[in-house]
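File shown here: input-v9.txt, holding compact mmCIF, C-alpha atoms.
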# COMPACT_ATOMS: atom_id res chain seq x y z
CA VAL C 1 0.00 0.00 0.00
CA ASP C 2 1.09 3.58 -0.54
CA LEU C 3 1.60 5.30 2.80
CA PRO C 4 1.86 9.10 2.34
CA GLY C 5 -1.21 10.69 3.92
CA ARG C 6 -2.41 7.36 5.30
CA PRO C 7 -1.58 7.30 9.01
CA LEU C 8 -3.62 4.24 9.98
CA ALA C 9 -2.29 2.16 7.10
CA ALA C 10 1.25 3.32 7.91
CA ALA C 11 0.84 2.39 11.57
CA ASN C 12 -0.40 -1.05 10.59
CA THR C 13 2.57 -1.71 8.29
CA ALA C 14 4.77 -1.19 11.35
CA VAL C 15 3.02 -4.00 13.25
CA GLN C 16 5.07 -7.18 13.27
CA VAL C 17 3.32 -9.79 11.13
CA PRO C 18 2.48 -12.82 13.28
CA GLY C 19 3.95 -16.16 12.23
CA GLU C 20 0.62 -17.97 12.26
CA PRO C 21 -0.90 -17.79 8.75
CA HIS C 22 -4.41 -16.80 9.87
CA LEU C 23 -3.04 -14.01 12.07
CA GLY C 24 -0.74 -12.82 9.28
CA LEU C 25 -3.74 -12.71 6.96
CA TRP C 26 -5.72 -10.81 9.58
CA GLN C 27 -2.98 -8.19 9.87
CA ALA C 28 -2.65 -7.84 6.09
CA VAL C 29 -6.40 -7.39 5.67
CA THR C 30 -6.43 -4.90 8.56
CA THR C 31 -3.73 -2.85 6.85
CA LEU C 32 -5.69 -2.94 3.60
CA ARG C 33 -8.89 -1.89 5.39
CA GLU C 34 -7.12 1.01 7.11
CA HIS C 35 -5.61 2.08 3.76
CA ARG C 36 -9.14 2.37 2.37
CA GLY C 37 -10.34 4.08 5.55
CA ASP C 38 -7.58 6.69 5.32
CA GLY C 39 -8.69 7.46 1.76
CA HIS C 40 -12.30 7.66 2.92
CA SER C 41 -11.25 10.21 5.55
CA VAL C 42 -9.66 12.30 2.80
CA ALA C 43 -12.82 12.11 0.67
CA LEU C 44 -14.93 13.18 3.67
CA SER C 45 -12.56 15.96 4.71
CA GLN C 46 -12.60 17.44 1.21
CA ARG C 47 -16.34 17.94 1.66
CA GLU C 48 -16.12 19.09 5.30
CA VAL C 49 -17.91 16.00 6.58
CA ASP C 50 -16.95 14.98 10.13
CA GLY C 51 -17.33 11.55 11.73
CA VAL C 52 -20.85 11.77 13.10
CA THR C 53 -22.07 13.49 9.94
CA ALA C 54 -20.51 10.76 7.79
CA HIS C 55 -22.38 8.14 9.76
CA VAL C 56 -25.66 10.04 9.54
CA LEU C 57 -25.16 9.98 5.76
CA ALA C 58 -24.42 6.23 5.87
CA ALA C 59 -27.63 5.60 7.82
CA ALA C 60 -29.66 7.85 5.51
CA ALA C 61 -28.25 5.95 2.52
CA GLY C 62 -29.39 2.67 4.08
CA ARG C 63 -25.87 1.26 4.52
CA SER C 64 -26.13 1.06 8.30
CA ASP C 65 -28.54 2.00 11.04
CA ARG C 66 -28.56 4.78 13.58
CA GLU C 67 -28.75 2.60 16.69
CA TRP C 68 -25.79 0.41 15.69
CA LEU C 69 -23.65 3.40 14.74
CA MET C 70 -24.48 5.38 17.87
CA ARG C 71 -23.66 2.41 20.08
CA ALA C 72 -20.46 1.53 18.18
CA ARG C 73 -19.17 5.12 18.10
CA GLY C 74 -20.45 6.32 21.48
CA TRP C 75 -22.52 9.21 20.17
CA ASP C 76 -25.61 10.43 21.94
CA ASP C 77 -28.88 11.71 20.50
CA ALA C 78 -27.72 15.34 20.76
CA ALA C 79 -24.63 14.72 18.60
CA TRP C 80 -26.64 12.76 16.04
CA ASP C 81 -29.42 15.36 15.92
CA ASP C 82 -26.87 18.16 15.53
CA ALA C 83 -25.34 16.35 12.54
CA VAL C 84 -28.80 15.90 11.01
CA ALA C 85 -29.45 19.64 11.47
CA ARG C 86 -26.13 20.53 9.80
CA LEU C 87 -26.84 18.21 6.86
CA THR C 88 -30.34 19.66 6.54
CA GLU C 89 -28.83 23.16 6.47
CA ARG C 90 -26.50 22.01 3.69
CA ARG C 91 -29.59 20.64 1.87
CA TRP C 92 -28.18 17.10 1.86
CA LEU C 93 -31.05 15.87 4.06
CA ASP C 94 -34.72 16.74 4.17
CA ASP C 95 -36.76 15.29 7.02
CA GLY C 96 -33.94 12.81 7.64
CA GLU C 97 -33.92 11.55 4.04
CA LEU C 98 -31.18 12.15 1.48
CA THR C 99 -32.02 14.85 -1.03
CA ALA C 100 -30.85 14.65 -4.65
CA GLU C 101 -27.84 16.75 -3.64
CA GLY C 102 -27.22 14.49 -0.65
CA LEU C 103 -27.35 11.40 -2.86
CA ALA C 104 -24.90 13.02 -5.25
CA MET C 105 -22.52 13.86 -2.39
CA VAL C 106 -22.68 10.34 -0.96
CA ALA C 107 -22.00 8.94 -4.46
CA ALA C 108 -19.07 11.33 -4.93
CA ILE C 109 -17.58 10.46 -1.54
CA GLU C 110 -17.85 6.74 -2.28
CA ALA C 111 -16.41 7.17 -5.80
CA ASP C 112 -13.43 9.10 -4.42
CA THR C 113 -12.96 6.49 -1.69
CA ASP C 114 -12.98 3.70 -4.29
CA ARG C 115 -10.53 5.57 -6.52
CA LEU C 116 -8.15 6.27 -3.64
CA ALA C 117 -8.29 2.60 -2.59
CA LEU C 118 -7.40 1.16 -6.01
CA GLY C 119 -3.60 0.99 -5.69
CA PRO C 120 -3.25 -2.26 -3.73
CA TRP C 121 -5.94 -3.96 -5.83
CA GLN C 122 -4.27 -2.90 -9.07
CA ALA C 123 -0.96 -4.25 -7.78
CA LEU C 124 -2.65 -7.56 -6.93
CA GLY C 125 -4.28 -7.76 -10.37
CA ASP C 126 -7.52 -9.39 -11.42
CA THR C 127 -6.28 -12.95 -10.90
CA GLY C 128 -4.91 -12.13 -7.45
CA CYS C 129 -8.11 -10.35 -6.43
CA ASP C 130 -10.21 -13.31 -7.56
CA ARG C 131 -7.96 -15.69 -5.64
CA LEU C 132 -8.10 -13.58 -2.48
CA ALA C 133 -11.91 -13.37 -2.69
CA ALA C 134 -12.11 -17.16 -3.11
CA LEU C 135 -9.83 -17.72 -0.12
CA LEU C 136 -11.71 -15.29 2.11
CA ALA C 137 -15.27 -16.35 1.21
CA PRO C 138 -15.31 -19.40 3.54
CA VAL C 139 -13.87 -17.30 6.37
CA ARG C 140 -16.60 -14.70 5.96
CA ARG C 141 -19.30 -17.38 5.72
CA SER C 142 -18.07 -18.85 9.01
CA VAL C 143 -18.10 -15.47 10.75
CA VAL C 144 -21.61 -14.70 9.49
CA ALA C 145 -22.86 -18.18 10.45
CA ALA C 146 -21.43 -17.76 13.95
CA GLY C 147 -23.46 -14.58 14.39
CA ASP C 148 -20.36 -12.43 14.85
CA TRP C 149 -21.14 -10.12 11.92
CA PRO C 150 -23.69 -7.63 13.22
CA ALA C 151 -26.43 -6.41 10.95
CA GLY C 152 -26.17 -2.70 10.23
CA ASN C 153 -22.38 -2.58 10.48
CA PRO C 154 -20.83 0.30 8.55
CA ILE C 155 -18.44 -1.82 6.50
CA GLY C 156 -21.16 -2.86 4.10
CA VAL C 157 -19.57 -6.09 2.93
CA PRO C 158 -22.15 -8.10 0.95
CA ASP C 159 -22.92 -11.69 1.78
CA PRO C 160 -20.62 -14.05 -0.12
CA GLU C 161 -22.22 -16.26 -2.72
Could you quickly redo this structure as structure tokens?
Amino acid sequence: VDLPGRPLAAANTAVQVPGEPHLGLWQAVTTLREHRGDGHSVALSQREVDGVTAHVLAAAAGRSDREWLMRARGWDDAAWDDAVARLTERRWLDDGELTAEGLAMVAAIEADTDRLALGPWQALGDTGCDRLAALLAPVRRSVVAAGDWPAGNPIGVPDPE
């Protein structure tokens, strides 16, 4: 992964990779996730979207739910309601629903996030990406089957086929 401007990815590359294969994989996937997250932070910052506001947008877009996000992030109703008010003032929300402008902003943020996350995937190539997906699918199925993948999580990973 490229590291300039990506503090969480950089910090994770400094973590010693465990010798056990499953833990090494976990650390590699964590670094990759943080690389994407750092890019997402850039895409949000460019549009002056802070953390709680970003999650209000995610809930309004149907990618997560308010209760899960508030519990996971430790926000209270006042912080959430303030973010809703700020998004309404920006005309990105109307009565808690995304407006056309809000939908466009969410799409732009996600497109920038995807673009900024491409480097590692391009380096891996199509064959490598397909192989990684095939190797990880049974792991994800096991996690979902065990009930350890909460509904409404903000990651938005689709169910494997």
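For the atom pair formed by atom CA of His40 of chain C and atom CA of Thr113 of chain C, the distance is 4.8 Å, given to one decimal.
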Using all atoms listed in the file, the shortest atom-to-atom distance to Ala108 of chain C among C:Gly5, C:Gln16, C:Ala43, C:Gly74 belongs to C:Ala43
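A straight line drawn from atom CA of Gln27 of chain C to atom CA of Ile109 of chain C is 26.3 Å long.
One distance worth recording is that between atom CA of Gly96 of chain C and atom CA of Gly39 of chain C, which is 26.5 Å.
The closest residue to Asp76 of chain C, picked from C:Val52, C:Gly125, C:Val42, C:Asp94 and counting all atoms listed in the file, is C:Val52.
Closest approach to Ser41 of chain C among C:Leu116, C:Ala133, C:Leu124, C:Ala59: C:Leu116, based on all atoms listed in the file.
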Identify, on the basis of all atoms listed in the file, every residue whose closest approach to Arg36 of chain C does not exceed 12 Å; exclude the query and any residue fewer than 4 positions from it along the same chain; express the result as number ranges by chain. C: 1-3, 5-10, 29-32, 40-43, 110-121, 155
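Only residues having an atom at most 12 Å from (-26.9, 21.6, 5.6) are included; using all atoms listed in the file, these are Arg47, Glu48, Val49, Thr53, Leu57, Asp82, Ala83, Val84, Ala85, Arg86, Leu87, Thr88, Glu89, Arg90, Arg91, Trp92, Leu93, Asp94, Asp95, Gly96, Leu98, Thr99, Glu101, Gly102 and Met105 of chain C.
Restricting the calculation to only C-alpha atoms, the smallest distance between Gly24 of chain C and any of C:Val106, C:Ala100, C:Gly128, C:Asn12 is found for C:Asn12.
For the choices C:Val143, C:Glu97, C:Glu20, C:His35, the atom-to-atom distance to Val56 of chain C is smallest for C:Glu97 when using all atoms listed in the file.
You can rank C:Leu25, C:Ala107, C:Ala72, C:Ala79 by their closest distance to Leu44 of chain C using only C-alpha atoms, and at the top of that list sits C:Ala107.
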